[in-house]
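Student: Starting off with a structure, shown below.
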Amino acid sequence: MASRIPLPYSPKVLELFRNPKNLGRMEDATISATAGSLACGDRIAIYLKINKDDIVEKASFESYGCAANIAAASVLTEIIKGKPLKEAWKITWRQISDELGGLPAIKYHCGILAVGALRRAIRAYYKKEGGRPEWLPEHLTAEERQALEEEELMEKLAKMRKKL
Amino acid sequence: MSERTLKSIEELIKFHGKPKREVYFDGENSGRVLKEVIEAMLPYFRDTGYGHPSITNKPGWEAYEAFSKASELIAKTLNVNSQDLIFTHSGTEANNLAILGGVRANKHLGKKIIISAIEHLSVIFPAKELEKTGFKIVEVPVDSEGFMDPDTLESFVDDDTVLVSIGYVNHEIGTIQRLREIIEKIRDKNPNTIIHSDVVDAYGRIPLDLTKLDLDMATLSSHKIKGPRGVGVLYLKEGVNLEKIIYGQLSTQEYWPGVENVPLVVGFAKAAEIRFTNFEEKVNHMRKLRDMLIEGIMDKVPYVILNGPKGERRAPDNVNLSFLYCEGEALTIEFSFNGVYVSSGSACTTRVLEPSHVLVAIGRKYEEAHGSILFKVDPEHTIEDIEYTLEVVPKAVERIRMISSAKPREV
């Protein structure tokens with residue numbers, strides 16, 4: 001079993017936790033998606049307003065999760081504003097972590113979850129629009145798979161406990 | 001710890017700053033030592049009794065004297081003999097000694113160990129270790145308030161039961177078990193079974209007479225009564241077999257080798273002396289603050305559930321509430337910025353949040369456990385502390401809920 005240390009959050013994480021940017025549900029969103037689950041203790045919802053040129057006009061989020069989760073979603077929505085979806089797709093969790101002054105290792109999954117939610121939204125958008133652009137991978141990327149794994153893992157755990 | 005982590009922590013503390021008022025409610029995990037206790041300990045670091053209590057020189061004899069007096073005082077509060085107290089360096093160590101040492105020394109009595117589903121992890125984990133060496137662990141279930149049914153427990157006890165370990169007061173949700181009745185039933189069914197109780201959260205909160213309870217072993221911890229951290233006790237009834245679990249130079253204590261930490265033992269005794277002076281008054285004070293906090297929060301904040309029982313069957317210091325649609329860590333940090341220091345039942349140990357085993361055992365859903373916050377009041381807290389907390393909590397919860405992607409309509 002691993003040890004538990006107090007989370008060495010950077011001031012940037014705490015600052016965004018206290019004053020998150022782009023917070024809240026977007027009523028006129030073109031598309032939205034979530035990643036994570038309440039049972040795993042973190043779930044990010046991403047809302048995107050996309051224009052006809054496939055550029056992110058507005059982005060916002062809601063987060064049921066820890067400080068890192070909130071900060072990661074805040075940073076992500078800030079980065080993708082004004083970007084074409086093709087560029088937004090390329091954002092990595094590492095970039096988010098770096099932007100936050102380095103997430104503690106135990107919180108890497110928060111960055112992954114934020115990216116997972118964004119990519120789900122982008123996929124959903126093209127599914128709705130019809131036609132997958134060439135740059136969009138056919139199969140799920142690592143971040144999307146991780147989000148999925150996390151959601152499934154918790155379901156499995158809950159079932160296991162019930163059996164016990 | 002890496003240099004980078006240390007630097008982050010320094011920056012974090014600087015960023016956090018000092019809130020205008022600070023109230024520490026995390027007595028479960030650590031605590032502020034009483035001033036009088038610190039004063040009582042100080043001379044024993046340098047001025048007197050700084051020797052080894054089993055060595056023949058003046059500081060050694062002084063240490064032995066101080067140690068013995070402290071031991072006497074604590075024994076009196078429990079109505080037992082001081083020779084039956086084993087000083088360890090924490091409650092965790094005392095529980096490990098009880099479970100591992102108690103079972104190994106009495107293995108001829110059977111293979112079955114009975115614990116409850118809501119024991120402290122320092123009871124559960126050593127029991128799980130024994131399971132690897134061929135013992136069978138039976139976990140007694142609890143109801144939605146954390147109570148064990150004495151008859152159910154009795155039905156698990158058989159001729160093969162070597163040890164039963166049942167905590168008196170639950171550390172997380174404050175449930176006070178009907179321990180006397182439970183012990184009687186175990187004795188009736190199998191008089192040879194060794195009975196241990198983790199009484200850490202009962203000590204200094206409810207009347208406790210270990211002789212009357214007829215326990216074989218019991219665990220105490222100093223920091224839970226505002227003594228120093230780093231000192232615990234295992235009470236071992238005369239005649240009960242125990243095996244050592246650590247080895248080293250023998251000192252005054254047969255079962256816990258190594259140098260006794262005399263200043264801390266003195267501090268523990270001082271904390272006990274203070275707690276048991278006007279004991280009833282202190283208990284009533286805690287109960288009053290407890291109810292003020294529970295009722296105040298439930299009154300001001302929607303979607304809150306109380307974990308554990310109400311009233312007389314709940315420890316006077318325990319407040320455990322689940323704030324739905326909130327994640328616990330975010331809440332602890334938000335409270336902290338406002339000077340209210342608490343802990344959450346869920347801990348981020350892996351990619352997913354690990355819910356408290358106690359809350360899962362009483363039937364809480366994961367998302368209910370994740371939003372749980374534990375407050376422990378103590379005799380030093382004031383009505384103003386509670387009033388301040390009642391100002392902070394609703395605002396903090398409202399802000400975290402505003403951020404949250406979980407809304408009342410969906411759970």
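Labels used: A, B, ... for chains in the order of the structure tokens, numbers from 1 for residues in each chain, and numbers from 1 for ligands as shown.
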Identify, on the basis of only C-alpha atoms, every residue whose closest approach to A:Ile46 does not exceed 8 Å; exclude the query and any residue fewer than 6 positions from it along the same chain; express the result as a ChimeraX atom specification.

Tutor: /A:32-34,59-62,73,117-118,121

Student: Please return, as a VMD selection string, all residues of stretch 101-145 of chain B that DSSP assigns to helix (DSSP H, G or I) on the basis of the backbone.

Tutor: chain B and resid 101 to 105 107 to 109 121 to 132

Student: Would you list which chain B residues are within 7 Å of chain A using only C-alpha atoms, as a list in words?

Tutor: Thr5, Ser8, Ile9, Glu11, Leu12, Phe15, Cys326, Glu327, Glu329, Ala330, Thr349, Thr350, Arg351, Val352, Leu353, Tyr366, Glu367, His370, Ile403, Ser404, Ser405 and Ala406 of chain B

Student: Excluding A:Arg123 and its own-chain neighbours fewer than 4 positions away, which residues fall within 8 Å of it when counting only C-alpha atoms? Please give them as a PDB file with C-alpha atoms, in the first residue's frame.

Tutor:
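Okay, result.pdb is ready:
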```pdb
ATOM      1  CA  ARG A 119     -12.343  14.629 -26.495  1.00  0.00           C
ATOM      2  CA  LYS A 127     -21.074  12.456 -34.629  1.00  0.00           C
ATOM      3  CA  LEU A 136      -9.886  12.589 -35.569  1.00  0.00           C
TER       4      LEU A 136
END
```

Student: Would you work out the distance separating atom CA of B:Ser155 from atom CA of B:Leu220, expressed in Å to one decimal?

Tutor: 28.2 Å

Student: List as a ChimeraX atom specification the protein and nucleic acid residues near B:Leu78, meaning an atom at most 12 Å away when only C-alpha atoms are counted, but skip any in the same chain fewer than 6 places from it.

Tutor: /B:71-72,84-85,199,202-204,206-215,218-220,233-235,269,272-273,276

Student: Residues as selected, N, CA and C atoms, written as a PDB file, in the first residue's frame, can you do that?

Tutor:
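Below you can see selection.pdb, which holds the result:
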```
ATOM      1  N   SER B  71       1.526   6.401  35.243  1.00  0.00           N
ATOM      2  CA  SER B  71       0.856   5.133  34.993  1.00  0.00           C
ATOM      3  C   SER B  71      -0.257   4.886  36.024  1.00  0.00           C
ATOM      4  N   GLU B  72       0.063   5.191  37.297  1.00  0.00           N
ATOM      5  CA  GLU B  72      -0.923   5.058  38.381  1.00  0.00           C
ATOM      6  C   GLU B  72      -2.155   5.908  38.095  1.00  0.00           C
ATOM      7  N   ASP B  84      -0.942  -3.371  34.902  1.00  0.00           N
ATOM      8  CA  ASP B  84      -1.584  -3.973  33.735  1.00  0.00           C
ATOM      9  C   ASP B  84      -1.593  -3.060  32.506  1.00  0.00           C
ATOM     10  N   LEU B  85      -0.923  -1.916  32.602  1.00  0.00           N
ATOM     11  CA  LEU B  85      -0.876  -1.012  31.450  1.00  0.00           C
ATOM     12  C   LEU B  85       0.448  -1.160  30.706  1.00  0.00           C
ATOM     13  N   VAL B 199     -10.902   1.237  22.942  1.00  0.00           N
ATOM     14  CA  VAL B 199     -11.740   2.204  23.680  1.00  0.00           C
ATOM     15  C   VAL B 199     -11.217   3.635  23.513  1.00  0.00           C
ATOM     16  N   ALA B 202     -13.826   6.140  23.445  1.00  0.00           N
ATOM     17  CA  ALA B 202     -14.726   6.125  24.598  1.00  0.00           C
ATOM     18  C   ALA B 202     -14.062   6.882  25.751  1.00  0.00           C
ATOM     19  N   TYR B 203     -12.736   6.768  25.835  1.00  0.00           N
ATOM     20  CA  TYR B 203     -11.975   7.340  26.948  1.00  0.00           C
ATOM     21  C   TYR B 203     -12.118   8.864  26.981  1.00  0.00           C
ATOM     22  N   GLY B 204     -12.585   9.329  28.121  1.00  0.00           N
ATOM     23  CA  GLY B 204     -12.740  10.777  28.275  1.00  0.00           C
ATOM     24  C   GLY B 204     -14.024  11.310  27.666  1.00  0.00           C
ATOM     25  N   ILE B 206     -17.201   8.913  27.644  1.00  0.00           N
ATOM     26  CA  ILE B 206     -18.272   8.236  28.368  1.00  0.00           C
ATOM     27  C   ILE B 206     -17.635   7.564  29.594  1.00  0.00           C
ATOM     28  N   PRO B 207     -18.415   7.279  30.639  1.00  0.00           N
ATOM     29  CA  PRO B 207     -17.825   6.621  31.799  1.00  0.00           C
ATOM     30  C   PRO B 207     -17.216   5.279  31.378  1.00  0.00           C
ATOM     31  N   LEU B 208     -16.027   4.984  31.898  1.00  0.00           N
ATOM     32  CA  LEU B 208     -15.320   3.792  31.439  1.00  0.00           C
ATOM     33  C   LEU B 208     -14.686   3.086  32.638  1.00  0.00           C
ATOM     34  N   ASP B 209     -15.107   1.865  32.894  1.00  0.00           N
ATOM     35  CA  ASP B 209     -14.549   1.074  33.994  1.00  0.00           C
ATOM     36  C   ASP B 209     -14.165  -0.281  33.405  1.00  0.00           C
ATOM     37  N   LEU B 210     -12.875  -0.443  33.137  1.00  0.00           N
ATOM     38  CA  LEU B 210     -12.435  -1.651  32.425  1.00  0.00           C
ATOM     39  C   LEU B 210     -12.643  -2.914  33.253  1.00  0.00           C
ATOM     40  N   THR B 211     -12.552  -2.802  34.579  1.00  0.00           N
ATOM     41  CA  THR B 211     -12.750  -3.967  35.434  1.00  0.00           C
ATOM     42  C   THR B 211     -14.205  -4.420  35.369  1.00  0.00           C
ATOM     43  N   LYS B 212     -15.109  -3.454  35.493  1.00  0.00           N
ATOM     44  CA  LYS B 212     -16.530  -3.787  35.438  1.00  0.00           C
ATOM     45  C   LYS B 212     -16.915  -4.355  34.075  1.00  0.00           C
ATOM     46  N   LEU B 213     -16.295  -3.790  33.036  1.00  0.00           N
ATOM     47  CA  LEU B 213     -16.616  -4.259  31.682  1.00  0.00           C
ATOM     48  C   LEU B 213     -16.150  -5.696  31.463  1.00  0.00           C
ATOM     49  N   ASP B 214     -15.165  -6.126  32.266  1.00  0.00           N
ATOM     50  CA  ASP B 214     -14.638  -7.482  32.169  1.00  0.00           C
ATOM     51  C   ASP B 214     -13.923  -7.712  30.831  1.00  0.00           C
ATOM     52  N   LEU B 215     -13.117  -6.719  30.432  1.00  0.00           N
ATOM     53  CA  LEU B 215     -12.333  -6.858  29.199  1.00  0.00           C
ATOM     54  C   LEU B 215     -10.998  -7.534  29.494  1.00  0.00           C
ATOM     55  N   ALA B 218      -7.598  -3.638  26.275  1.00  0.00           N
ATOM     56  CA  ALA B 218      -8.239  -2.413  25.779  1.00  0.00           C
ATOM     57  C   ALA B 218      -7.165  -1.435  25.334  1.00  0.00           C
ATOM     58  N   THR B 219      -7.486  -0.672  24.292  1.00  0.00           N
ATOM     59  CA  THR B 219      -6.524   0.279  23.710  1.00  0.00           C
ATOM     60  C   THR B 219      -6.915   1.727  24.002  1.00  0.00           C
ATOM     61  N   LEU B 220      -5.899   2.522  24.342  1.00  0.00           N
ATOM     62  CA  LEU B 220      -6.097   3.961  24.583  1.00  0.00           C
ATOM     63  C   LEU B 220      -5.087   4.757  23.759  1.00  0.00           C
ATOM     64  N   VAL B 233      -1.680   3.193  24.954  1.00  0.00           N
ATOM     65  CA  VAL B 233      -1.649   2.204  26.040  1.00  0.00           C
ATOM     66  C   VAL B 233      -2.416   0.966  25.612  1.00  0.00           C
ATOM     67  N   LEU B 234      -1.866  -0.193  25.968  1.00  0.00           N
ATOM     68  CA  LEU B 234      -2.688  -1.396  25.898  1.00  0.00           C
ATOM     69  C   LEU B 234      -2.879  -1.891  27.326  1.00  0.00           C
ATOM     70  N   TYR B 235      -4.141  -1.972  27.731  1.00  0.00           N
ATOM     71  CA  TYR B 235      -4.450  -2.587  29.036  1.00  0.00           C
ATOM     72  C   TYR B 235      -4.508  -4.089  28.811  1.00  0.00           C
ATOM     73  N   ALA B 269      -0.781  11.460  31.128  1.00  0.00           N
ATOM     74  CA  ALA B 269      -1.407  11.430  32.456  1.00  0.00           C
ATOM     75  C   ALA B 269      -1.997  12.795  32.808  1.00  0.00           C
ATOM     76  N   ALA B 272      -5.175  13.274  31.016  1.00  0.00           N
ATOM     77  CA  ALA B 272      -6.230  12.465  31.644  1.00  0.00           C
ATOM     78  C   ALA B 272      -6.725  13.153  32.915  1.00  0.00           C
ATOM     79  N   GLU B 273      -5.767  13.635  33.714  1.00  0.00           N
ATOM     80  CA  GLU B 273      -6.135  14.320  34.959  1.00  0.00           C
ATOM     81  C   GLU B 273      -7.071  15.500  34.658  1.00  0.00           C
ATOM     82  N   PHE B 276     -10.594  14.322  33.367  1.00  0.00           N
ATOM     83  CA  PHE B 276     -11.480  13.725  34.360  1.00  0.00           C
ATOM     84  C   PHE B 276     -11.768  14.636  35.559  1.00  0.00           C
TER      85      PHE B 276
END
```

Student: In Å, how far is it from atom CA of B:Ala70 to atom CA of B:Val240?

Tutor: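 Between atom CA of B:Ala70 and atom CA of B:Val240 the gap works out to 23.3 Å.
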
Student: Would you list the contacts of B:Glu39 as a CSV table (one decimal) with C-alpha atoms, in the first residue's frame, taking every protein, DNA or RNA residue within 12 Å and counting only C-alpha atoms, but skipping same-chain residues closer than 6 positions in sequence?

Tutor:
```
chain,number,residue,atom,x,y,z
B,33,VAL,CA,-2.0,19.6,23.0
B,45,PHE,CA,13.1,16.5,28.5
B,227,GLY,CA,-2.4,14.8,25.3
B,228,PRO,CA,0.7,14.5,23.1
B,263,PRO,CA,7.8,13.1,29.0
B,264,LEU,CA,5.0,11.9,26.7
B,266,VAL,CA,3.7,12.3,31.8
B,267,GLY,CA,1.8,14.4,29.3
B,270,LYS,CA,-1.8,15.2,32.8
B,271,ALA,CA,-4.3,15.2,29.9
```

Student: Quick check for you: according to DSSP on this backbone, which residues of stretch 39-157 of chain A are classed as strand (DSSP E)? Reply as a PyMOL selection string.

Tutor: chain A and resi 42-50+56-64

Student: Each residue of stretch 258-361 of chain B lying at most 10 Å from stretch 374-396 of chain B should get a row with its shortest atom-to-atom pair and the distance in Å to one decimal, counting only C-alpha atoms; could you produce that, ordered by chain and increasing number, as a Markdown table?

Tutor:
```
| residue | atom | partner | partner_atom | distance |
| --- | --- | --- | --- | --- |
| B:Arg275 | CA | B:Pro379 | CA | 8.3 |
| B:Phe279 | CA | B:Pro379 | CA | 9.7 |
| B:Glu281 | CA | B:Pro379 | CA | 9.1 |
| B:Lys282 | CA | B:Pro379 | CA | 5.6 |
| B:Val283 | CA | B:Pro379 | CA | 7.5 |
| B:Asn284 | CA | B:Pro379 | CA | 9.2 |
| B:His285 | CA | B:Pro379 | CA | 6.6 |
| B:Met286 | CA | B:Pro379 | CA | 5.9 |
| B:Arg287 | CA | B:Val377 | CA | 8.6 |
| B:Lys288 | CA | B:Ile383 | CA | 9.0 |
| B:Leu289 | CA | B:Ile383 | CA | 6.7 |
| B:Arg290 | CA | B:Val377 | CA | 6.6 |
| B:Met292 | CA | B:Ile386 | CA | 7.3 |
| B:Leu293 | CA | B:Ile386 | CA | 6.3 |
| B:Ile294 | CA | B:Leu390 | CA | 9.6 |
| B:Glu295 | CA | B:Leu390 | CA | 9.9 |
| B:Gly296 | CA | B:Leu390 | CA | 6.5 |
| B:Ile297 | CA | B:Leu390 | CA | 6.4 |
| B:Met298 | CA | B:Pro394 | CA | 9.6 |
| B:Asp299 | CA | B:Pro394 | CA | 9.9 |
| B:Lys300 | CA | B:Pro394 | CA | 6.5 |
| B:Val301 | CA | B:Pro394 | CA | 5.8 |
| B:Pro302 | CA | B:Pro394 | CA | 9.1 |
| B:Asn307 | CA | B:Leu374 | CA | 9.5 |
| B:Ala315 | CA | B:Lys376 | CA | 9.8 |
| B:Pro316 | CA | B:Val377 | CA | 8.2 |
| B:Asp317 | CA | B:Val377 | CA | 4.8 |
| B:Asn318 | CA | B:Lys376 | CA | 5.1 |
| B:Val319 | CA | B:Phe375 | CA | 5.1 |
| B:Asn320 | CA | B:Leu374 | CA | 4.5 |
| B:Leu321 | CA | B:Leu374 | CA | 6.7 |
| B:Ser322 | CA | B:Leu374 | CA | 8.9 |
| B:Gly328 | CA | B:Leu374 | CA | 10.0 |
| B:Ala330 | CA | B:Ala396 | CA | 9.6 |
| B:Leu331 | CA | B:Ala396 | CA | 7.1 |
| B:Thr332 | CA | B:Ala396 | CA | 9.5 |
| B:Ile333 | CA | B:Ala396 | CA | 9.6 |
| B:Glu334 | CA | B:Ala396 | CA | 6.0 |
| B:Phe335 | CA | B:Ala396 | CA | 6.4 |
| B:Ser336 | CA | B:Ala396 | CA | 9.8 |
| B:Phe337 | CA | B:Ala396 | CA | 9.5 |
| B:Asn338 | CA | B:Val392 | CA | 6.7 |
| B:Gly339 | CA | B:Val392 | CA | 8.7 |
| B:Val340 | CA | B:Thr389 | CA | 6.7 |
| B:Tyr341 | CA | B:Phe375 | CA | 8.4 |
| B:Val342 | CA | B:Phe375 | CA | 5.8 |
| B:Ser343 | CA | B:Leu374 | CA | 5.6 |
| B:Ser344 | CA | B:Leu374 | CA | 6.0 |
| B:Gly345 | CA | B:Leu374 | CA | 7.1 |
```

Student: Write out the residues from the selection above, keeping C-alpha atoms, as a PDB file, in the first residue's frame.

Tutor:
```pdb
ATOM      1  CA  ARG B 275     -10.186  15.544  31.280  1.00  0.00           C
ATOM      2  CA  PHE B 279     -15.754  15.251  33.790  1.00  0.00           C
ATOM      3  CA  GLU B 281     -19.398  19.191  32.952  1.00  0.00           C
ATOM      4  CA  LYS B 282     -16.937  18.663  30.096  1.00  0.00           C
ATOM      5  CA  VAL B 283     -19.066  15.924  28.556  1.00  0.00           C
ATOM      6  CA  ASN B 284     -22.163  18.111  28.739  1.00  0.00           C
ATOM      7  CA  HIS B 285     -20.263  20.971  27.168  1.00  0.00           C
ATOM      8  CA  MET B 286     -19.129  18.760  24.269  1.00  0.00           C
ATOM      9  CA  ARG B 287     -22.627  17.376  23.822  1.00  0.00           C
ATOM     10  CA  LYS B 288     -24.059  20.871  23.703  1.00  0.00           C
ATOM     11  CA  LEU B 289     -21.552  21.988  21.057  1.00  0.00           C
ATOM     12  CA  ARG B 290     -22.066  18.770  19.115  1.00  0.00           C
ATOM     13  CA  MET B 292     -25.412  22.968  18.128  1.00  0.00           C
ATOM     14  CA  LEU B 293     -23.172  22.078  15.197  1.00  0.00           C
ATOM     15  CA  ILE B 294     -25.346  19.243  13.873  1.00  0.00           C
ATOM     16  CA  GLU B 295     -28.609  21.142  14.202  1.00  0.00           C
ATOM     17  CA  GLY B 296     -27.116  24.417  13.014  1.00  0.00           C
ATOM     18  CA  ILE B 297     -25.689  22.896   9.847  1.00  0.00           C
ATOM     19  CA  MET B 298     -28.728  20.763   9.059  1.00  0.00           C
ATOM     20  CA  ASP B 299     -30.895  23.780   9.575  1.00  0.00           C
ATOM     21  CA  LYS B 300     -28.888  26.081   7.317  1.00  0.00           C
ATOM     22  CA  VAL B 301     -27.682  23.706   4.612  1.00  0.00           C
ATOM     23  CA  PRO B 302     -29.963  21.542   2.427  1.00  0.00           C
ATOM     24  CA  ASN B 307     -23.880   9.635   9.710  1.00  0.00           C
ATOM     25  CA  ALA B 315     -20.349  10.011  21.418  1.00  0.00           C
ATOM     26  CA  PRO B 316     -20.621  13.538  22.833  1.00  0.00           C
ATOM     27  CA  ASP B 317     -17.825  14.838  20.607  1.00  0.00           C
ATOM     28  CA  ASN B 318     -18.719  13.327  17.243  1.00  0.00           C
ATOM     29  CA  VAL B 319     -20.250  15.157  14.293  1.00  0.00           C
ATOM     30  CA  ASN B 320     -20.155  13.342  10.955  1.00  0.00           C
ATOM     31  CA  LEU B 321     -22.144  14.818   8.114  1.00  0.00           C
ATOM     32  CA  SER B 322     -22.387  14.000   4.412  1.00  0.00           C
ATOM     33  CA  GLY B 328     -14.889  15.864   0.509  1.00  0.00           C
ATOM     34  CA  ALA B 330     -12.676  20.148  -2.051  1.00  0.00           C
ATOM     35  CA  LEU B 331     -14.734  20.844   1.073  1.00  0.00           C
ATOM     36  CA  THR B 332     -11.817  20.342   3.479  1.00  0.00           C
ATOM     37  CA  ILE B 333      -9.741  22.810   1.449  1.00  0.00           C
ATOM     38  CA  GLU B 334     -12.563  25.342   1.203  1.00  0.00           C
ATOM     39  CA  PHE B 335     -13.163  25.083   4.957  1.00  0.00           C
ATOM     40  CA  SER B 336      -9.420  25.384   5.561  1.00  0.00           C
ATOM     41  CA  PHE B 337      -9.186  28.688   3.696  1.00  0.00           C
ATOM     42  CA  ASN B 338     -11.777  29.904   6.189  1.00  0.00           C
ATOM     43  CA  GLY B 339      -9.906  28.527   9.194  1.00  0.00           C
ATOM     44  CA  VAL B 340     -12.171  25.550   9.880  1.00  0.00           C
ATOM     45  CA  TYR B 341      -9.992  22.444   9.956  1.00  0.00           C
ATOM     46  CA  VAL B 342     -11.680  19.099   9.356  1.00  0.00           C
ATOM     47  CA  SER B 343     -11.106  15.827   7.521  1.00  0.00           C
ATOM     48  CA  SER B 344     -13.129  13.882   5.009  1.00  0.00           C
ATOM     49  CA  GLY B 345     -14.056  10.210   5.152  1.00  0.00           C
TER      50      GLY B 345
END
```

Student: Between atom CA of B:Pro19 and atom CA of B:Lys7, what distance in Å does the model show, to one decimal?

Tutor: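 Value for the atom CA of B:Pro19-atom CA of B:Lys7 distance: 21.5 Å.
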
Student: If we count only C-alpha atoms and set the cut-off at 12 Å, which residues sit around A:Asp28, ignoring sequence neighbours fewer than 6 positions away in its own chain? Please answer as a ChimeraX atom specification.

Tutor: /A:47-51,57-60

Student: Within 9 Å of B:His52, counting only C-alpha atoms, which residues qualify if same-chain residues fewer than 4 places away don't, as a VMD selection string?

Tutor: chain B and resid 56 to 57 59 to 64 251 259 to 260 262

Student: Restricted to C-alpha atoms, what would the selected residues look like written as a compact mmCIF listing (two decimals), in the first residue's frame?

Tutor:
```txt
# COMPACT_ATOMS: atom_id res chain seq x y z
CA THR B 56 20.38 2.76 38.08
CA ASN B 57 21.34 6.41 38.17
CA PRO B 59 17.90 10.61 36.31
CA GLY B 60 16.90 6.98 35.72
CA TRP B 61 15.20 6.65 39.11
CA GLU B 62 13.50 9.98 38.57
CA ALA B 63 12.26 8.76 35.20
CA TYR B 64 10.95 5.59 36.79
CA SER B 251 12.99 -2.05 29.74
CA VAL B 259 13.11 3.33 25.88
CA GLU B 260 9.90 4.56 27.46
CA VAL B 262 8.69 9.43 29.84
```

Student: Could you check which of B:Gln253, B:Ser2, B:Ser165, B:Thr193 is closest to B:Ala117, using only C-alpha atoms?

Tutor: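 Closest candidate: B:Ser165.
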